[in-house]
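Pasted below: target.pdb, PDB, C-alpha atoms, pLDDT in the B column.
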```pdb
ATOM      1  CA  MET A   1       1.813  -3.582   8.324  1.00 75.00           C
ATOM      2  CA  ALA A   2      -1.422  -4.941   6.894  1.00 83.00           C
ATOM      3  CA  SER A   3      -1.323  -6.686   3.539  1.00 89.00           C
ATOM      4  CA  PHE A   4      -4.496  -6.340   1.503  1.00 95.00           C
ATOM      5  CA  PHE A   5      -5.395  -8.998  -1.052  1.00 96.00           C
ATOM      6  CA  PRO A   6      -7.963  -8.522  -3.823  1.00 97.00           C
ATOM      7  CA  ILE A   7     -10.730 -10.963  -4.598  1.00 97.00           C
ATOM      8  CA  THR A   8     -12.872 -10.529  -7.700  1.00 97.00           C
ATOM      9  CA  GLY A   9     -16.181 -12.182  -8.421  1.00 98.00           C
ATOM     10  CA  THR A  10     -19.845 -11.866  -9.278  1.00 98.00           C
ATOM     11  CA  ILE A  11     -22.373 -11.336  -6.499  1.00 98.00           C
ATOM     12  CA  SER A  12     -24.739 -14.298  -6.184  1.00 98.00           C
ATOM     13  CA  GLN A  13     -26.417 -13.446  -2.874  1.00 97.00           C
ATOM     14  CA  ILE A  14     -26.678 -10.612  -0.323  1.00 97.00           C
ATOM     15  CA  GLU A  15     -28.106 -11.279   3.156  1.00 94.00           C
ATOM     16  CA  PRO A  16     -28.134  -9.507   6.518  1.00 92.00           C
ATOM     17  CA  MET A  17     -25.915 -11.287   9.046  1.00 88.00           C
ATOM     18  CA  GLN A  18     -27.162 -12.802  12.262  1.00 76.00           C
ATOM     19  CA  SER A  19     -25.678 -11.717  15.571  1.00 67.00           C
ATOM     20  CA  SER A  20     -24.112 -14.263  17.924  1.00 62.00           C
ATOM     21  CA  ALA A  21     -27.472 -14.411  19.726  1.00 56.00           C
ATOM     22  CA  GLY A  22     -29.104 -15.631  16.507  1.00 56.00           C
ATOM     23  CA  SER A  23     -31.079 -12.453  15.835  1.00 54.00           C
ATOM     24  CA  TRP A  24     -30.785 -10.207  12.776  1.00 57.00           C
ATOM     25  CA  CYS A  25     -28.909  -7.086  13.812  1.00 68.00           C
ATOM     26  CA  GLY A  26     -29.098  -5.423  10.386  1.00 72.00           C
ATOM     27  CA  CYS A  27     -25.657  -3.824  10.723  1.00 86.00           C
ATOM     28  CA  SER A  28     -23.585  -6.239   8.638  1.00 92.00           C
ATOM     29  CA  LEU A  29     -24.130  -8.064   5.379  1.00 95.00           C
ATOM     30  CA  MET A  30     -22.893 -11.367   4.019  1.00 96.00           C
ATOM     31  CA  ILE A  31     -22.201 -11.070   0.300  1.00 98.00           C
ATOM     32  CA  SER A  32     -21.594 -14.341  -1.526  1.00 98.00           C
ATOM     33  CA  ILE A  33     -19.556 -14.096  -4.703  1.00 98.00           C
ATOM     34  CA  SER A  34     -18.619 -16.616  -7.352  1.00 98.00           C
ATOM     35  CA  THR A  35     -14.934 -16.343  -8.276  1.00 96.00           C
ATOM     36  CA  ALA A  36     -12.957 -17.829 -11.136  1.00 93.00           C
ATOM     37  CA  TYR A  37     -10.247 -19.365  -8.935  1.00 90.00           C
ATOM     38  CA  GLN A  38     -11.728 -19.998  -5.476  1.00 89.00           C
ATOM     39  CA  GLY A  39     -15.308 -20.852  -6.367  1.00 94.00           C
ATOM     40  CA  MET A  40     -17.825 -19.489  -3.857  1.00 97.00           C
ATOM     41  CA  VAL A  41     -16.504 -16.960  -1.286  1.00 97.00           C
ATOM     42  CA  ASN A  42     -18.407 -15.105   1.443  1.00 97.00           C
ATOM     43  CA  LEU A  43     -17.567 -11.479   2.188  1.00 97.00           C
ATOM     44  CA  VAL A  44     -18.481  -9.824   5.489  1.00 95.00           C
ATOM     45  CA  VAL A  45     -19.458  -6.203   4.875  1.00 96.00           C
ATOM     46  CA  THR A  46     -19.704  -4.036   7.989  1.00 92.00           C
ATOM     47  CA  PRO A  47     -20.670  -0.378   8.398  1.00 91.00           C
ATOM     48  CA  TYR A  48     -16.907   0.312   8.290  1.00 93.00           C
ATOM     49  CA  THR A  49     -16.399  -1.277   4.856  1.00 96.00           C
ATOM     50  CA  TYR A  50     -15.632   1.380   2.260  1.00 97.00           C
ATOM     51  CA  ILE A  51     -17.633   1.066  -0.973  1.00 97.00           C
ATOM     52  CA  PHE A  52     -16.216   3.244  -3.764  1.00 97.00           C
ATOM     53  CA  ASN A  53     -18.603   6.093  -4.622  1.00 94.00           C
ATOM     54  CA  GLN A  54     -21.197   4.462  -2.345  1.00 94.00           C
ATOM     55  CA  GLU A  55     -22.425   2.513  -5.366  1.00 94.00           C
ATOM     56  CA  PRO A  56     -25.316   0.191  -4.504  1.00 96.00           C
ATOM     57  CA  LEU A  57     -24.390  -3.472  -4.888  1.00 97.00           C
ATOM     58  CA  GLY A  58     -26.749  -6.090  -6.258  1.00 97.00           C
ATOM     59  CA  VAL A  59     -26.910  -9.697  -7.394  1.00 98.00           C
ATOM     60  CA  GLY A  60     -25.104 -10.059 -10.718  1.00 98.00           C
ATOM     61  CA  ASP A  61     -22.665  -7.196 -10.103  1.00 98.00           C
ATOM     62  CA  SER A  62     -18.982  -7.924 -10.631  1.00 98.00           C
ATOM     63  CA  ILE A  63     -16.882  -6.542  -7.777  1.00 98.00           C
ATOM     64  CA  THR A  64     -13.345  -6.464  -6.463  1.00 98.00           C
ATOM     65  CA  ALA A  65     -13.039  -6.542  -2.685  1.00 98.00           C
ATOM     66  CA  PHE A  66      -9.933  -6.156  -0.543  1.00 98.00           C
ATOM     67  CA  TYR A  67      -9.345  -7.989   2.726  1.00 96.00           C
ATOM     68  CA  ASP A  68      -6.495  -7.897   5.229  1.00 94.00           C
ATOM     69  CA  ALA A  69      -4.612 -11.159   4.701  1.00 92.00           C
ATOM     70  CA  SER A  70      -2.968 -10.808   8.128  1.00 90.00           C
ATOM     71  CA  ALA A  71      -6.332 -10.630   9.955  1.00 89.00           C
ATOM     72  CA  PRO A  72      -7.788 -13.780  11.506  1.00 85.00           C
ATOM     73  CA  ALA A  73     -10.291 -15.652   9.342  1.00 84.00           C
ATOM     74  CA  PRO A  74     -12.417 -18.665  10.227  1.00 84.00           C
ATOM     75  CA  LEU A  75     -11.313 -21.964   8.686  1.00 86.00           C
ATOM     76  CA  ILE A  76     -14.625 -22.775   7.043  1.00 90.00           C
ATOM     77  CA  PHE A  77     -15.917 -23.536   3.589  1.00 90.00           C
ATOM     78  CA  PRO A  78     -16.727 -21.510   1.665  1.00 93.00           C
ATOM     79  CA  PRO A  79     -13.967 -19.098   2.743  1.00 93.00           C
ATOM     80  CA  GLN A  80     -15.163 -16.013   4.588  1.00 94.00           C
ATOM     81  CA  TYR A  81     -13.297 -12.699   4.625  1.00 95.00           C
ATOM     82  CA  ARG A  82     -14.053  -9.417   6.381  1.00 95.00           C
ATOM     83  CA  VAL A  83     -13.508  -6.834   3.660  1.00 97.00           C
ATOM     84  CA  THR A  84     -12.072  -3.343   4.019  1.00 96.00           C
ATOM     85  CA  ALA A  85     -12.991  -1.920   0.606  1.00 98.00           C
ATOM     86  CA  ILE A  86     -15.185  -2.844  -2.369  1.00 98.00           C
ATOM     87  CA  VAL A  87     -15.132  -1.457  -5.906  1.00 98.00           C
ATOM     88  CA  LYS A  88     -17.793  -2.296  -8.474  1.00 98.00           C
ATOM     89  CA  ASP A  89     -15.959  -3.448 -11.600  1.00 96.00           C
ATOM     90  CA  ALA A  90     -16.197  -1.287 -14.715  1.00 95.00           C
ATOM     91  CA  LYS A  91     -14.835  -1.892 -18.206  1.00 95.00           C
ATOM     92  CA  GLY A  92     -11.243  -0.681 -18.465  1.00 95.00           C
ATOM     93  CA  ARG A  93     -10.933   0.113 -14.755  1.00 96.00           C
ATOM     94  CA  MET A  94      -8.165  -1.426 -12.671  1.00 97.00           C
ATOM     95  CA  VAL A  95      -7.831  -1.070  -8.929  1.00 98.00           C
ATOM     96  CA  ASP A  96      -5.137  -1.472  -6.264  1.00 98.00           C
ATOM     97  CA  PHE A  97      -5.301  -1.146  -2.473  1.00 98.00           C
ATOM     98  CA  SER A  98      -1.955  -1.023  -0.738  1.00 97.00           C
ATOM     99  CA  TYR A  99       0.426   1.010   1.378  1.00 96.00           C
ATOM    100  CA  TYR A 100       2.268   3.542  -0.798  1.00 97.00           C
ATOM    101  CA  ASP A 101       5.705   4.754   0.301  1.00 97.00           C
ATOM    102  CA  GLU A 102       7.304   8.201  -0.025  1.00 97.00           C
ATOM    103  CA  ASN A 103       7.922   7.540  -3.750  1.00 98.00           C
ATOM    104  CA  LEU A 104       4.265   6.551  -4.251  1.00 98.00           C
ATOM    105  CA  ILE A 105       5.211   2.914  -4.928  1.00 98.00           C
ATOM    106  CA  ASN A 106       2.908   0.246  -3.538  1.00 97.00           C
ATOM    107  CA  ALA A 107       4.073  -2.287  -0.940  1.00 96.00           C
ATOM    108  CA  GLY A 108       4.521  -5.011  -3.573  1.00 95.00           C
ATOM    109  CA  GLY A 109       6.714  -2.769  -5.723  1.00 96.00           C
ATOM    110  CA  THR A 110       4.431  -3.346  -8.702  1.00 97.00           C
ATOM    111  CA  LEU A 111       2.743   0.053  -9.179  1.00 98.00           C
ATOM    112  CA  GLN A 112       3.983   3.639  -8.962  1.00 98.00           C
ATOM    113  CA  LEU A 113       1.678   6.646  -9.041  1.00 98.00           C
ATOM    114  CA  ASN A 114       2.270   9.724 -11.177  1.00 97.00           C
ATOM    115  CA  LEU A 115      -0.219  12.207  -9.754  1.00 96.00           C
ATOM    116  CA  SER A 116      -1.492  14.990 -11.991  1.00 90.00           C
ATOM    117  CA  GLY A 117      -3.925  17.856 -11.667  1.00 88.00           C
ATOM    118  CA  ASN A 118      -6.614  15.563 -13.112  1.00 91.00           C
ATOM    119  CA  THR A 119      -6.264  12.964 -10.345  1.00 95.00           C
ATOM    120  CA  VAL A 120      -9.136  13.088  -7.861  1.00 96.00           C
ATOM    121  CA  ILE A 121      -7.640  12.589  -4.382  1.00 97.00           C
ATOM    122  CA  ALA A 122     -10.108  12.266  -1.511  1.00 97.00           C
ATOM    123  CA  TYR A 123     -10.760  10.779   1.912  1.00 97.00           C
ATOM    124  CA  PRO A 124     -13.186   7.829   2.129  1.00 96.00           C
ATOM    125  CA  ASN A 125     -15.939  10.284   3.120  1.00 94.00           C
ATOM    126  CA  GLY A 126     -15.568  12.078  -0.229  1.00 94.00           C
ATOM    127  CA  GLN A 127     -13.877  15.204   1.074  1.00 96.00           C
ATOM    128  CA  PRO A 128     -10.840  16.396  -0.896  1.00 96.00           C
ATOM    129  CA  PHE A 129      -7.440  15.343   0.449  1.00 96.00           C
ATOM    130  CA  CYS A 130      -5.099  18.326   0.338  1.00 91.00           C
ATOM    131  CA  GLY A 131      -1.800  16.822   1.515  1.00 90.00           C
ATOM    132  CA  ASN A 132       0.659  14.371   0.047  1.00 93.00           C
ATOM    133  CA  PRO A 133      -0.906  10.879  -0.095  1.00 97.00           C
ATOM    134  CA  ALA A 134       2.511   9.191   0.276  1.00 96.00           C
ATOM    135  CA  GLY A 135       2.892   7.141   3.466  1.00 96.00           C
ATOM    136  CA  HIS A 136      -0.746   6.017   3.556  1.00 97.00           C
ATOM    137  CA  TYR A 137      -2.893   3.115   2.467  1.00 97.00           C
ATOM    138  CA  LEU A 138      -4.411   4.119  -0.867  1.00 98.00           C
ATOM    139  CA  LEU A 139      -7.237   2.761  -2.969  1.00 98.00           C
ATOM    140  CA  VAL A 140      -6.104   3.571  -6.523  1.00 98.00           C
ATOM    141  CA  LEU A 141      -8.343   3.434  -9.588  1.00 98.00           C
ATOM    142  CA  TYR A 142      -6.668   3.683 -12.980  1.00 97.00           C
ATOM    143  CA  SER A 143      -7.258   2.780 -16.602  1.00 96.00           C
ATOM    144  CA  SER A 144      -3.743   2.291 -17.985  1.00 94.00           C
ATOM    145  CA  ALA A 145      -0.166   1.745 -16.856  1.00 95.00           C
ATOM    146  CA  THR A 146       3.249   1.344 -18.422  1.00 93.00           C
ATOM    147  CA  ARG A 147       4.806  -2.104 -18.850  1.00 95.00           C
ATOM    148  CA  SER A 148       7.811  -1.155 -16.715  1.00 94.00           C
ATOM    149  CA  VAL A 149       8.652  -2.521 -13.269  1.00 93.00           C
ATOM    150  CA  PRO A 150       7.101  -0.983 -11.332  1.00 97.00           C
ATOM    151  CA  ALA A 151       4.301  -0.079 -13.716  1.00 97.00           C
ATOM    152  CA  VAL A 152       3.649   3.667 -13.713  1.00 97.00           C
ATOM    153  CA  THR A 153       0.134   5.056 -13.897  1.00 97.00           C
ATOM    154  CA  ASP A 154      -1.618   8.394 -13.889  1.00 97.00           C
ATOM    155  CA  PRO A 155      -4.529   7.337 -11.665  1.00 98.00           C
ATOM    156  CA  ASP A 156      -8.066   8.553 -12.199  1.00 96.00           C
ATOM    157  CA  ALA A 157      -8.900   8.503  -8.478  1.00 97.00           C
ATOM    158  CA  VAL A 158      -7.053   7.949  -5.209  1.00 98.00           C
ATOM    159  CA  VAL A 159      -8.816   7.368  -1.893  1.00 98.00           C
ATOM    160  CA  VAL A 160      -6.575   8.036   1.117  1.00 98.00           C
ATOM    161  CA  PHE A 161      -7.034   5.832   4.199  1.00 95.00           C
ATOM    162  CA  CYS A 162      -5.318   7.513   7.125  1.00 87.00           C
ATOM    163  CA  CYS A 163      -5.901   4.474   9.359  1.00 73.00           C
ATOM    164  CA  ALA A 164      -6.378   1.106   7.680  1.00 52.00           C
TER     165      ALA A 164
END
```
Just give me the structure as structure tokens.
Amino acid sequence: MASFFPITGTISQIEPMQSSAGSWCGCSLMISISTAYQGMVNLVVTPYTYIFNQEPLGVGDSITAFYDASAPAPLIFPPQYRVTAIVKDAKGRMVDFSYYDENLINAGGTLQLNLSGNTVIAYPNGQPFCGNPAGHYLLVLYSSATRSVPAVTDPDAVVVFCCA
């Protein structure tokens, strides 16, 4: 099972990536972010990277990106991660990306979802998800949670990844 880690920072640079032949292929981007704990980090954004609400990203934007910690990564400085999902940070918005079990508790046991009729549940392509999101990788956006363990939230939006 994949384990997705968040990394939050402010975008300092966005460039197209070169292919192994040294030419610009235009299909992937290298986004450099400045983080509070790791300093500079490079994020590889491919056409398969999900960007919440397809929001355009620019220099100066604060983002949270999620990468698969079990995937291979080059041992270089600054660190470089291939990201699966990116969310532009907004005041009061929290985000989690994890596998959620049949009780809608994330893999770390830290967050449980309480879905309501107001929760927007969709596929990454924006189409409504009609089934039960339990048993999938979920990108969860929420604004508040209880102080219990696990914390319980009524999420604002849930994006269901059927294959992560």
Taking 2 positions as the minimum chain separation for residues in the same chain, which residues sit within 12 Å of Pro72 (chain A) when counting only C-alpha atoms? Answer as a list in words. Ala2, Tyr67, Asp68, Ala69, Ser70, Pro74, Leu75, Pro79, Gln80, Tyr81, Arg82 and Val83 of chain A
For the residues in that selection, give me C-alpha atoms as an mmCIF file, in the frame of the given file.
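Output saved as selection-v3.cif:
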```cif
data_model
loop_
_atom_site.group_PDB
_atom_site.id
_atom_site.type_symbol
_atom_site.label_atom_id
_atom_site.label_comp_id
_atom_site.auth_asym_id
_atom_site.auth_seq_id
_atom_site.Cartn_x
_atom_site.Cartn_y
_atom_site.Cartn_z
ATOM 1 C CA ALA A 2 -1.422 -4.941 6.894
ATOM 2 C CA TYR A 67 -9.345 -7.989 2.726
ATOM 3 C CA ASP A 68 -6.495 -7.897 5.229
ATOM 4 C CA ALA A 69 -4.612 -11.159 4.701
ATOM 5 C CA SER A 70 -2.968 -10.808 8.128
ATOM 6 C CA PRO A 74 -12.417 -18.665 10.227
ATOM 7 C CA LEU A 75 -11.313 -21.964 8.686
ATOM 8 C CA PRO A 79 -13.967 -19.098 2.743
ATOM 9 C CA GLN A 80 -15.163 -16.013 4.588
ATOM 10 C CA TYR A 81 -13.297 -12.699 4.625
ATOM 11 C CA ARG A 82 -14.053 -9.417 6.381
ATOM 12 C CA VAL A 83 -13.508 -6.834 3.660
#
```
Contact residues around region 145-161 of chain A with only C-alpha atoms at 7 Å, ignoring same-chain residues under 5 positions, as a list in words: Gly109, Thr110, Leu111, Gln112, Leu113, Asn114, Leu115, Ser116, Thr119, Val120, Ile121, Ala122, Tyr123, Pro124, Pro133, His136, Tyr137, Leu138, Leu139 and Val140 of chain A
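Closest approach to Gly58 (chain A) among A:Asn42, A:Ser34, A:Gln13, A:Ser98: A:Gln13, based on all atoms listed in the file.
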What does the PyMOL selection byres ((chain A and resi 49) around 7) select in this file, as a list in words?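 Written out, the selection comes to Val45, Thr46, Pro47, Tyr48, Tyr50, Ile51, Val83, Thr84 and Ala85 of chain A.
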Which value, in Å to one decimal, gives the distance between CA of Val41 (chain A) and CA of Thr8 (chain A)? 9.8 Å
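Here the question is which of A:Asp61, A:Ala134, A:Glu15, A:Phe129 gets nearest to Ser28 (chain A) using all atoms listed in the file, and that residue is A:Glu15.
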As an exercise, work out the distance from CA of Ile11 (chain A) to CA of Ala90 (chain A) in Å and give it to one decimal place.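 Computing the Euclidean distance for CA of Ile11 (chain A) and CA of Ala90 (chain A) yields 14.4 Å.
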Would you list the residues near (-18.3, 7.3, -7.5), meaning any protein, DNA or RNA residue with an atom at most 10 Å from that point in file coordinates, counting all atoms listed in the file, as number ranges by chain? A: 51-55, 87-88, 126, 157
